[in-house]
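Data from final39.cif: mmCIF, N, CA and C atoms
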```
data_data
loop_
_atom_site.label_atom_id
_atom_site.label_comp_id
_atom_site.auth_asym_id
_atom_site.auth_seq_id
_atom_site.Cartn_x
_atom_site.Cartn_y
_atom_site.Cartn_z
N MET N 1 69.90 152.58 143.82
CA MET N 1 70.93 153.44 144.36
C MET N 1 70.61 154.91 144.12
N THR N 2 70.01 155.24 143.02
CA THR N 2 69.70 156.65 142.74
C THR N 2 68.57 157.14 143.64
N GLU N 3 67.62 156.27 144.04
CA GLU N 3 66.56 156.70 144.95
C GLU N 3 67.12 157.04 146.32
N LEU N 4 68.08 156.27 146.79
CA LEU N 4 68.71 156.54 148.07
C LEU N 4 69.49 157.85 148.04
N LYS N 5 70.14 158.10 146.93
CA LYS N 5 70.90 159.33 146.78
C LYS N 5 69.98 160.55 146.75
N ALA N 6 68.80 160.42 146.20
CA ALA N 6 67.87 161.53 146.10
C ALA N 6 67.27 161.88 147.46
N LYS N 7 67.17 160.92 148.37
CA LYS N 7 66.56 161.17 149.67
C LYS N 7 67.52 161.78 150.68
N ARG N 8 68.79 161.74 150.42
CA ARG N 8 69.77 162.27 151.35
C ARG N 8 69.70 163.80 151.39
N PRO N 9 69.82 164.38 152.60
CA PRO N 9 69.83 165.85 152.67
C PRO N 9 71.15 166.41 152.15
N GLU N 10 71.07 167.61 151.65
CA GLU N 10 72.26 168.26 151.12
C GLU N 10 72.81 169.21 152.17
N PHE N 11 74.05 169.01 152.56
CA PHE N 11 74.72 169.90 153.48
C PHE N 11 75.73 170.71 152.69
N ARG N 12 75.69 172.01 152.92
CA ARG N 12 76.62 172.86 152.20
C ARG N 12 77.17 173.91 153.13
N ASN N 13 78.31 174.41 152.77
CA ASN N 13 78.93 175.48 153.55
C ASN N 13 78.26 176.80 153.23
N ILE N 14 78.32 177.72 154.18
CA ILE N 14 77.75 179.04 153.97
C ILE N 14 78.81 179.93 153.34
N ASN N 15 78.48 180.51 152.22
CA ASN N 15 79.38 181.43 151.56
C ASN N 15 79.21 182.81 152.19
N ALA N 16 80.29 183.39 152.67
CA ALA N 16 80.22 184.67 153.38
C ALA N 16 79.72 185.80 152.50
N PHE N 17 79.95 185.73 151.21
CA PHE N 17 79.57 186.84 150.33
C PHE N 17 78.13 186.74 149.83
N THR N 18 77.63 185.52 149.64
CA THR N 18 76.29 185.40 149.06
C THR N 18 75.24 184.95 150.06
N ASP N 19 75.59 184.16 151.07
CA ASP N 19 74.59 183.58 151.95
C ASP N 19 74.36 184.34 153.25
N LEU N 20 75.34 185.07 153.74
CA LEU N 20 75.19 185.72 155.03
C LEU N 20 74.15 186.83 155.03
N THR N 21 73.91 187.43 153.89
CA THR N 21 72.90 188.50 153.85
C THR N 21 71.48 187.94 153.92
N THR N 22 71.28 186.69 153.53
CA THR N 22 69.95 186.09 153.54
C THR N 22 69.78 185.04 154.62
N TYR N 23 70.85 184.71 155.34
CA TYR N 23 70.78 183.67 156.37
C TYR N 23 70.06 184.19 157.60
N ARG N 24 69.05 183.46 158.07
CA ARG N 24 68.26 183.88 159.23
C ARG N 24 68.70 183.09 160.45
N LEU N 25 69.34 183.76 161.37
CA LEU N 25 69.81 183.13 162.59
C LEU N 25 68.70 183.18 163.64
N PRO N 26 68.45 182.08 164.36
CA PRO N 26 67.41 182.11 165.40
C PRO N 26 67.85 182.98 166.58
N PRO N 27 66.90 183.40 167.41
CA PRO N 27 67.25 184.26 168.55
C PRO N 27 68.31 183.65 169.47
N ALA N 28 68.26 182.35 169.67
CA ALA N 28 69.27 181.71 170.52
C ALA N 28 70.67 181.83 169.91
N GLY N 29 70.75 181.83 168.60
CA GLY N 29 72.03 182.02 167.92
C GLY N 29 72.56 183.43 168.11
N TRP N 30 71.65 184.42 168.02
CA TRP N 30 72.06 185.81 168.25
C TRP N 30 72.55 185.99 169.68
N VAL N 31 71.84 185.41 170.65
CA VAL N 31 72.26 185.54 172.04
C VAL N 31 73.62 184.89 172.25
N SER N 32 73.84 183.76 171.62
CA SER N 32 75.12 183.07 171.75
C SER N 32 76.26 183.90 171.17
N ILE N 33 76.06 184.45 170.00
CA ILE N 33 77.10 185.27 169.38
C ILE N 33 77.33 186.54 170.19
N LEU N 34 76.26 187.18 170.64
CA LEU N 34 76.40 188.41 171.42
C LEU N 34 77.01 188.14 172.79
N HIS N 35 76.79 186.94 173.34
CA HIS N 35 77.40 186.57 174.62
C HIS N 35 78.92 186.53 174.46
N ARG N 36 79.38 185.95 173.37
CA ARG N 36 80.82 185.92 173.10
C ARG N 36 81.36 187.33 172.82
N ALA N 37 80.62 188.11 172.05
CA ALA N 37 81.06 189.47 171.72
C ALA N 37 81.11 190.35 172.97
N SER N 38 80.13 190.22 173.85
CA SER N 38 80.12 191.04 175.06
C SER N 38 81.27 190.65 175.98
N GLY N 39 81.59 189.37 176.07
CA GLY N 39 82.74 188.95 176.86
C GLY N 39 84.04 189.49 176.29
N GLY N 40 84.18 189.46 174.98
CA GLY N 40 85.38 190.00 174.34
C GLY N 40 85.48 191.51 174.52
N LEU N 41 84.35 192.20 174.41
CA LEU N 41 84.33 193.65 174.58
C LEU N 41 84.74 194.03 176.00
N MET N 42 84.22 193.31 176.99
CA MET N 42 84.61 193.60 178.37
C MET N 42 86.09 193.33 178.60
N PHE N 43 86.61 192.28 177.98
CA PHE N 43 88.03 191.97 178.13
C PHE N 43 88.91 193.05 177.50
N ILE N 44 88.53 193.50 176.31
CA ILE N 44 89.32 194.53 175.62
C ILE N 44 89.26 195.86 176.36
N LEU N 45 88.11 196.20 176.92
CA LEU N 45 87.94 197.48 177.60
C LEU N 45 88.27 197.42 179.09
N LEU N 46 88.85 196.31 179.54
CA LEU N 46 89.20 196.18 180.95
C LEU N 46 90.16 197.27 181.43
N PRO N 47 91.18 197.67 180.66
CA PRO N 47 92.03 198.78 181.13
C PRO N 47 91.25 200.08 181.36
N LEU N 48 90.27 200.37 180.52
CA LEU N 48 89.45 201.56 180.71
C LEU N 48 88.62 201.44 181.98
N ILE N 49 88.08 200.27 182.24
CA ILE N 49 87.27 200.05 183.44
C ILE N 49 88.13 200.24 184.69
N VAL N 50 89.34 199.70 184.67
CA VAL N 50 90.25 199.85 185.81
C VAL N 50 90.63 201.31 185.99
N TRP N 51 90.90 202.03 184.89
CA TRP N 51 91.22 203.44 184.98
C TRP N 51 90.06 204.24 185.57
N MET N 52 88.84 203.95 185.11
CA MET N 52 87.68 204.67 185.63
C MET N 52 87.51 204.43 187.12
N PHE N 53 87.66 203.18 187.56
CA PHE N 53 87.51 202.89 188.98
C PHE N 53 88.62 203.55 189.79
N ASP N 54 89.85 203.43 189.32
CA ASP N 54 90.98 204.01 190.04
C ASP N 54 90.85 205.52 190.14
N THR N 55 90.47 206.16 189.06
CA THR N 55 90.33 207.61 189.04
C THR N 55 89.19 208.08 189.93
N SER N 56 88.12 207.33 189.96
CA SER N 56 86.95 207.81 190.71
C SER N 56 87.11 207.64 192.22
N VAL N 57 87.98 206.75 192.69
CA VAL N 57 88.10 206.53 194.13
C VAL N 57 89.43 207.00 194.72
N SER N 58 90.34 207.53 193.92
CA SER N 58 91.65 207.93 194.43
C SER N 58 91.56 209.14 195.36
N SER N 59 90.98 210.22 194.87
CA SER N 59 90.85 211.43 195.68
C SER N 59 89.73 212.29 195.11
N GLU N 60 89.45 213.39 195.80
CA GLU N 60 88.41 214.28 195.30
C GLU N 60 88.84 214.98 194.01
N ILE N 61 90.11 215.31 193.93
CA ILE N 61 90.62 215.98 192.74
C ILE N 61 90.54 215.06 191.53
N SER N 62 90.94 213.81 191.71
CA SER N 62 90.87 212.87 190.59
C SER N 62 89.43 212.56 190.22
N PHE N 63 88.53 212.58 191.20
CA PHE N 63 87.12 212.39 190.87
C PHE N 63 86.59 213.55 190.04
N GLU N 64 87.01 214.77 190.37
CA GLU N 64 86.61 215.94 189.57
C GLU N 64 87.16 215.84 188.15
N ARG N 65 88.39 215.38 188.00
CA ARG N 65 88.97 215.17 186.67
C ARG N 65 88.20 214.11 185.89
N PHE N 66 87.78 213.09 186.62
CA PHE N 66 87.00 212.02 186.01
C PHE N 66 85.65 212.52 185.51
N THR N 67 84.96 213.29 186.34
CA THR N 67 83.67 213.82 185.92
C THR N 67 83.84 214.84 184.79
N ALA N 68 84.94 215.59 184.80
CA ALA N 68 85.20 216.54 183.72
C ALA N 68 85.47 215.81 182.40
N ALA N 69 86.07 214.64 182.48
CA ALA N 69 86.32 213.86 181.26
C ALA N 69 85.00 213.48 180.60
N PHE N 70 83.98 213.19 181.43
CA PHE N 70 82.67 212.86 180.88
C PHE N 70 81.91 214.11 180.41
N ALA N 71 82.16 215.23 181.06
CA ALA N 71 81.43 216.45 180.72
C ALA N 71 82.00 217.13 179.47
N VAL N 72 83.31 217.38 179.46
CA VAL N 72 83.89 218.13 178.35
C VAL N 72 84.89 217.34 177.53
N GLY N 73 85.35 216.22 178.06
CA GLY N 73 86.31 215.41 177.33
C GLY N 73 87.67 215.42 177.99
N LEU N 74 88.57 214.68 177.38
CA LEU N 74 89.92 214.56 177.91
C LEU N 74 90.88 214.60 176.73
N GLY N 75 91.65 215.66 176.64
CA GLY N 75 92.56 215.82 175.50
C GLY N 75 91.76 216.07 174.23
N PHE N 76 92.00 215.24 173.23
CA PHE N 76 91.27 215.38 171.96
C PHE N 76 90.01 214.53 171.89
N VAL N 77 89.73 213.76 172.94
CA VAL N 77 88.56 212.88 172.97
C VAL N 77 87.39 213.62 173.61
N PRO N 78 86.27 213.78 172.89
CA PRO N 78 85.12 214.49 173.47
C PRO N 78 84.42 213.66 174.55
N GLY N 79 83.69 214.35 175.41
CA GLY N 79 83.01 213.69 176.52
C GLY N 79 81.94 212.71 176.08
N TRP N 80 81.23 213.01 174.99
CA TRP N 80 80.17 212.10 174.54
C TRP N 80 80.74 210.78 174.08
N LEU N 81 82.00 210.78 173.60
CA LEU N 81 82.62 209.52 173.18
C LEU N 81 82.91 208.64 174.40
N PHE N 82 83.35 209.26 175.50
CA PHE N 82 83.52 208.49 176.74
C PHE N 82 82.20 207.87 177.17
N LYS N 83 81.14 208.66 177.10
CA LYS N 83 79.82 208.16 177.49
C LYS N 83 79.37 207.03 176.58
N LEU N 84 79.65 207.14 175.29
CA LEU N 84 79.28 206.08 174.35
C LEU N 84 80.04 204.78 174.63
N VAL N 85 81.32 204.90 174.94
CA VAL N 85 82.11 203.71 175.29
C VAL N 85 81.60 203.09 176.58
N VAL N 86 81.27 203.92 177.55
CA VAL N 86 80.72 203.39 178.81
C VAL N 86 79.36 202.75 178.58
N LEU N 87 78.58 203.31 177.67
CA LEU N 87 77.30 202.68 177.34
C LEU N 87 77.53 201.30 176.72
N GLY N 88 78.56 201.15 175.90
CA GLY N 88 78.91 199.84 175.35
C GLY N 88 79.33 198.87 176.44
N ILE N 89 80.07 199.36 177.43
CA ILE N 89 80.46 198.51 178.55
C ILE N 89 79.24 198.10 179.36
N ILE N 90 78.32 199.03 179.56
CA ILE N 90 77.09 198.72 180.29
C ILE N 90 76.31 197.63 179.57
N TRP N 91 76.15 197.78 178.24
CA TRP N 91 75.44 196.75 177.49
C TRP N 91 76.16 195.42 177.58
N ALA N 92 77.49 195.43 177.41
CA ALA N 92 78.25 194.18 177.44
C ALA N 92 78.08 193.48 178.78
N TYR N 93 78.16 194.23 179.86
CA TYR N 93 78.01 193.63 181.18
C TYR N 93 76.61 193.07 181.37
N LEU N 94 75.60 193.87 181.06
CA LEU N 94 74.22 193.40 181.25
C LEU N 94 73.89 192.19 180.39
N HIS N 95 74.28 192.24 179.11
CA HIS N 95 73.98 191.12 178.24
C HIS N 95 74.74 189.87 178.68
N HIS N 96 76.00 190.03 179.03
CA HIS N 96 76.79 188.87 179.45
C HIS N 96 76.23 188.27 180.73
N LEU N 97 75.80 189.12 181.66
CA LEU N 97 75.22 188.65 182.91
C LEU N 97 73.90 187.90 182.67
N ILE N 98 73.01 188.50 181.91
CA ILE N 98 71.70 187.89 181.69
C ILE N 98 71.82 186.61 180.87
N ALA N 99 72.66 186.62 179.84
CA ALA N 99 72.86 185.41 179.04
C ALA N 99 73.55 184.32 179.85
N GLY N 100 74.46 184.71 180.74
CA GLY N 100 75.11 183.73 181.61
C GLY N 100 74.13 183.09 182.57
N VAL N 101 73.24 183.88 183.15
CA VAL N 101 72.20 183.34 184.04
C VAL N 101 71.28 182.41 183.25
N ARG N 102 70.97 182.78 182.02
CA ARG N 102 70.14 181.93 181.16
C ARG N 102 70.82 180.58 180.94
N HIS N 103 72.11 180.61 180.63
CA HIS N 103 72.84 179.35 180.40
C HIS N 103 72.92 178.51 181.67
N LEU N 104 73.17 179.17 182.80
CA LEU N 104 73.23 178.44 184.06
C LEU N 104 71.90 177.79 184.40
N TYR N 105 70.80 178.52 184.17
CA TYR N 105 69.47 177.97 184.42
C TYR N 105 69.20 176.77 183.52
N MET N 106 69.56 176.91 182.25
CA MET N 106 69.33 175.80 181.33
C MET N 106 70.16 174.58 181.72
N ASP N 107 71.39 174.80 182.21
CA ASP N 107 72.23 173.68 182.63
C ASP N 107 71.72 173.05 183.91
N ALA N 108 71.31 173.88 184.87
CA ALA N 108 70.91 173.36 186.18
C ALA N 108 69.56 172.66 186.13
N CYS N 109 68.65 173.17 185.34
CA CYS N 109 67.28 172.63 185.31
C CYS N 109 67.04 171.72 184.12
N HIS N 110 68.03 171.48 183.33
CA HIS N 110 67.90 170.65 182.12
C HIS N 110 66.77 171.15 181.22
N ALA N 111 66.64 172.46 181.15
CA ALA N 111 65.59 173.08 180.35
C ALA N 111 66.11 173.30 178.93
N VAL N 112 66.33 172.20 178.23
CA VAL N 112 66.87 172.29 176.88
C VAL N 112 65.78 171.85 175.91
N SER N 113 65.12 172.81 175.34
CA SER N 113 64.14 172.53 174.30
C SER N 113 64.15 173.71 173.33
N LYS N 114 63.65 173.47 172.17
CA LYS N 114 63.66 174.53 171.15
C LYS N 114 62.77 175.70 171.57
N GLU N 115 61.64 175.41 172.17
CA GLU N 115 60.71 176.46 172.57
C GLU N 115 61.29 177.31 173.70
N PHE N 116 61.86 176.65 174.73
CA PHE N 116 62.44 177.40 175.83
C PHE N 116 63.67 178.18 175.38
N GLY N 117 64.46 177.61 174.51
CA GLY N 117 65.63 178.31 173.99
C GLY N 117 65.25 179.59 173.28
N LYS N 118 64.20 179.51 172.46
CA LYS N 118 63.76 180.70 171.73
C LYS N 118 63.17 181.75 172.67
N SER N 119 62.29 181.33 173.57
CA SER N 119 61.65 182.31 174.46
C SER N 119 62.64 182.93 175.43
N SER N 120 63.57 182.14 175.97
CA SER N 120 64.54 182.70 176.90
C SER N 120 65.54 183.60 176.17
N ALA N 121 65.82 183.31 174.92
CA ALA N 121 66.71 184.17 174.14
C ALA N 121 66.06 185.52 173.88
N ILE N 122 64.77 185.52 173.57
CA ILE N 122 64.06 186.78 173.35
C ILE N 122 64.01 187.59 174.64
N VAL N 123 63.75 186.93 175.78
CA VAL N 123 63.73 187.62 177.06
C VAL N 123 65.11 188.21 177.36
N THR N 124 66.16 187.46 177.07
CA THR N 124 67.53 187.95 177.29
C THR N 124 67.80 189.19 176.45
N LEU N 125 67.44 189.17 175.18
CA LEU N 125 67.66 190.32 174.32
C LEU N 125 66.87 191.54 174.78
N VAL N 126 65.60 191.33 175.12
CA VAL N 126 64.74 192.45 175.54
C VAL N 126 65.25 193.05 176.84
N LEU N 127 65.59 192.19 177.81
CA LEU N 127 66.08 192.70 179.10
C LEU N 127 67.40 193.45 178.95
N SER N 128 68.33 192.89 178.20
CA SER N 128 69.63 193.55 178.10
C SER N 128 69.52 194.88 177.35
N ILE N 129 68.76 194.93 176.30
CA ILE N 129 68.60 196.18 175.55
C ILE N 129 67.78 197.19 176.35
N GLY N 130 66.71 196.73 176.99
CA GLY N 130 65.87 197.63 177.79
C GLY N 130 66.62 198.25 178.95
N LEU N 131 67.34 197.43 179.72
CA LEU N 131 68.11 197.95 180.84
C LEU N 131 69.23 198.88 180.36
N THR N 132 69.83 198.56 179.22
CA THR N 132 70.86 199.43 178.66
C THR N 132 70.28 200.79 178.28
N LEU N 133 69.09 200.80 177.71
CA LEU N 133 68.46 202.07 177.35
C LEU N 133 68.13 202.90 178.59
N VAL N 134 67.66 202.25 179.64
CA VAL N 134 67.34 202.96 180.88
C VAL N 134 68.61 203.56 181.49
N LEU N 135 69.66 202.75 181.61
CA LEU N 135 70.91 203.25 182.19
C LEU N 135 71.60 204.25 181.26
N GLY N 136 71.44 204.08 179.95
CA GLY N 136 71.99 205.04 179.00
C GLY N 136 71.31 206.39 179.10
N ALA N 137 70.00 206.38 179.33
CA ALA N 137 69.27 207.64 179.52
C ALA N 137 69.79 208.35 180.76
N LYS N 138 70.07 207.61 181.81
CA LYS N 138 70.64 208.20 183.02
C LYS N 138 72.05 208.73 182.77
N LEU N 139 72.84 207.96 182.03
CA LEU N 139 74.22 208.35 181.72
C LEU N 139 74.28 209.65 180.93
N PHE N 140 73.38 209.81 179.96
CA PHE N 140 73.37 211.00 179.12
C PHE N 140 72.54 212.13 179.70
N GLY N 141 72.04 211.93 180.93
CA GLY N 141 71.35 213.01 181.65
C GLY N 141 69.93 213.27 181.21
N LEU N 142 69.23 212.27 180.70
CA LEU N 142 67.84 212.48 180.31
C LEU N 142 66.88 212.50 181.50
N TYR N 143 67.31 211.95 182.61
CA TYR N 143 66.51 212.04 183.84
C TYR N 143 67.41 212.10 185.04
#
```
Written form, structure tokens:
Amino acid sequence: MTELKAKRPEFRNINAFTDLTTYRLPPAGWVSILHRASGGLMFILLPLIVWMFDTSVSSEISFERFTAAFAVGLGFVPGWLFKLVVLGIIWAYLHHLIAGVRHLYMDACHAVSKEFGKSSAIVTLVLSIGLTLVLGAKLFGLY
């Protein structure tokens, strides 16, 4: 009986204070967590997205007010903070879109393996961060 007990694997809970700093999550785990976070971020910032769309298409005057909010700010909120929030929305949208396409492809093609999960997760992270950097450079006027 003791030999059988010695061969059993030990399952333990992760302690948030001691284990999370040393726990190594695989790339597919990061993509999964970030997919949920990006969806939540888009949901929380939905009123801002609706305001931006409504303001930009209402009239020429409201469009000028909208562009001024990004240039100099609105009230006590500086313009760079608006740009930073929009950059977060851009990342959330891009990551959620790319990760969603990844999940749909894996479901449709039955491409469920450890190797494909890791490689597609890395591609998802690189694409979402790379496209966010390119669009962020445009947003902040670098080109």
How many Å lie between atom C of N:Phe70 and atom CA of N:Thr132, rounded to one decimal?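 It comes out at 18.5 Å.
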Show which residues sit within 10 Å of N:Leu131, as number ranges by chain. Count only C-alpha atoms, and ignore same-chain residues fewer than 5 positions away. N: 90-91, 94-95, 126, 136-137
Export of the given selection (N, CA and C atoms) as a compact mmCIF listing (two decimals), in the coordinates of the input:
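Done, and the output landed in result.txt:
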```txt
# COMPACT_ATOMS: atom_id res chain seq x y z
N ILE N 90 78.32 199.03 179.56
CA ILE N 90 77.09 198.72 180.29
C ILE N 90 76.31 197.63 179.57
N TRP N 91 76.15 197.78 178.24
CA TRP N 91 75.44 196.75 177.49
C TRP N 91 76.16 195.42 177.58
N LEU N 94 75.60 193.87 181.06
CA LEU N 94 74.22 193.40 181.25
C LEU N 94 73.89 192.19 180.39
N HIS N 95 74.28 192.24 179.11
CA HIS N 95 73.98 191.12 178.24
C HIS N 95 74.74 189.87 178.68
N VAL N 126 65.60 191.33 175.12
CA VAL N 126 64.74 192.45 175.54
C VAL N 126 65.25 193.05 176.84
N GLY N 136 71.44 204.08 179.95
CA GLY N 136 71.99 205.04 179.00
C GLY N 136 71.31 206.39 179.10
N ALA N 137 70.00 206.38 179.33
CA ALA N 137 69.27 207.64 179.52
C ALA N 137 69.79 208.35 180.76
```
Can you tell me how far atom CA of N:Phe116 sits from atom CA of N:Gly130, in Å to one decimal?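 Taking atom CA of N:Phe116 and atom CA of N:Gly130, their separation equals 20.6 Å.
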So, with all atoms listed in the file as the atoms that count, which of N:Trp30, N:Phe140, N:Trp80, N:Tyr93 lies closest to N:Ala121?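 Using all atoms listed in the file, the shortest distance to N:Ala121 belongs to N:Trp30.
Near N:His96, within 8 Å and counting all atoms listed in the file, sit Leu34, His35, Arg36, Ala37, Ser38, Gly39, Ile90, Trp91, Ala92, Tyr93, Leu94, Ile98, Ala99, Gly100, Val101, Arg102 and Ser128 of chain N, not including residues fewer than 2 positions from it in the same chain.
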Give the alpha helix (DSSP H) residues of chain N, as DSSP finds them on the backbone, and put them as a ChimeraX atom specification. /N:2-7,27-44,46-58,60-71,79-109,114-139
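Taking atom N of N:Ser59 and atom C of N:Gly88 as endpoints, the distance between them is 24.6 Å.
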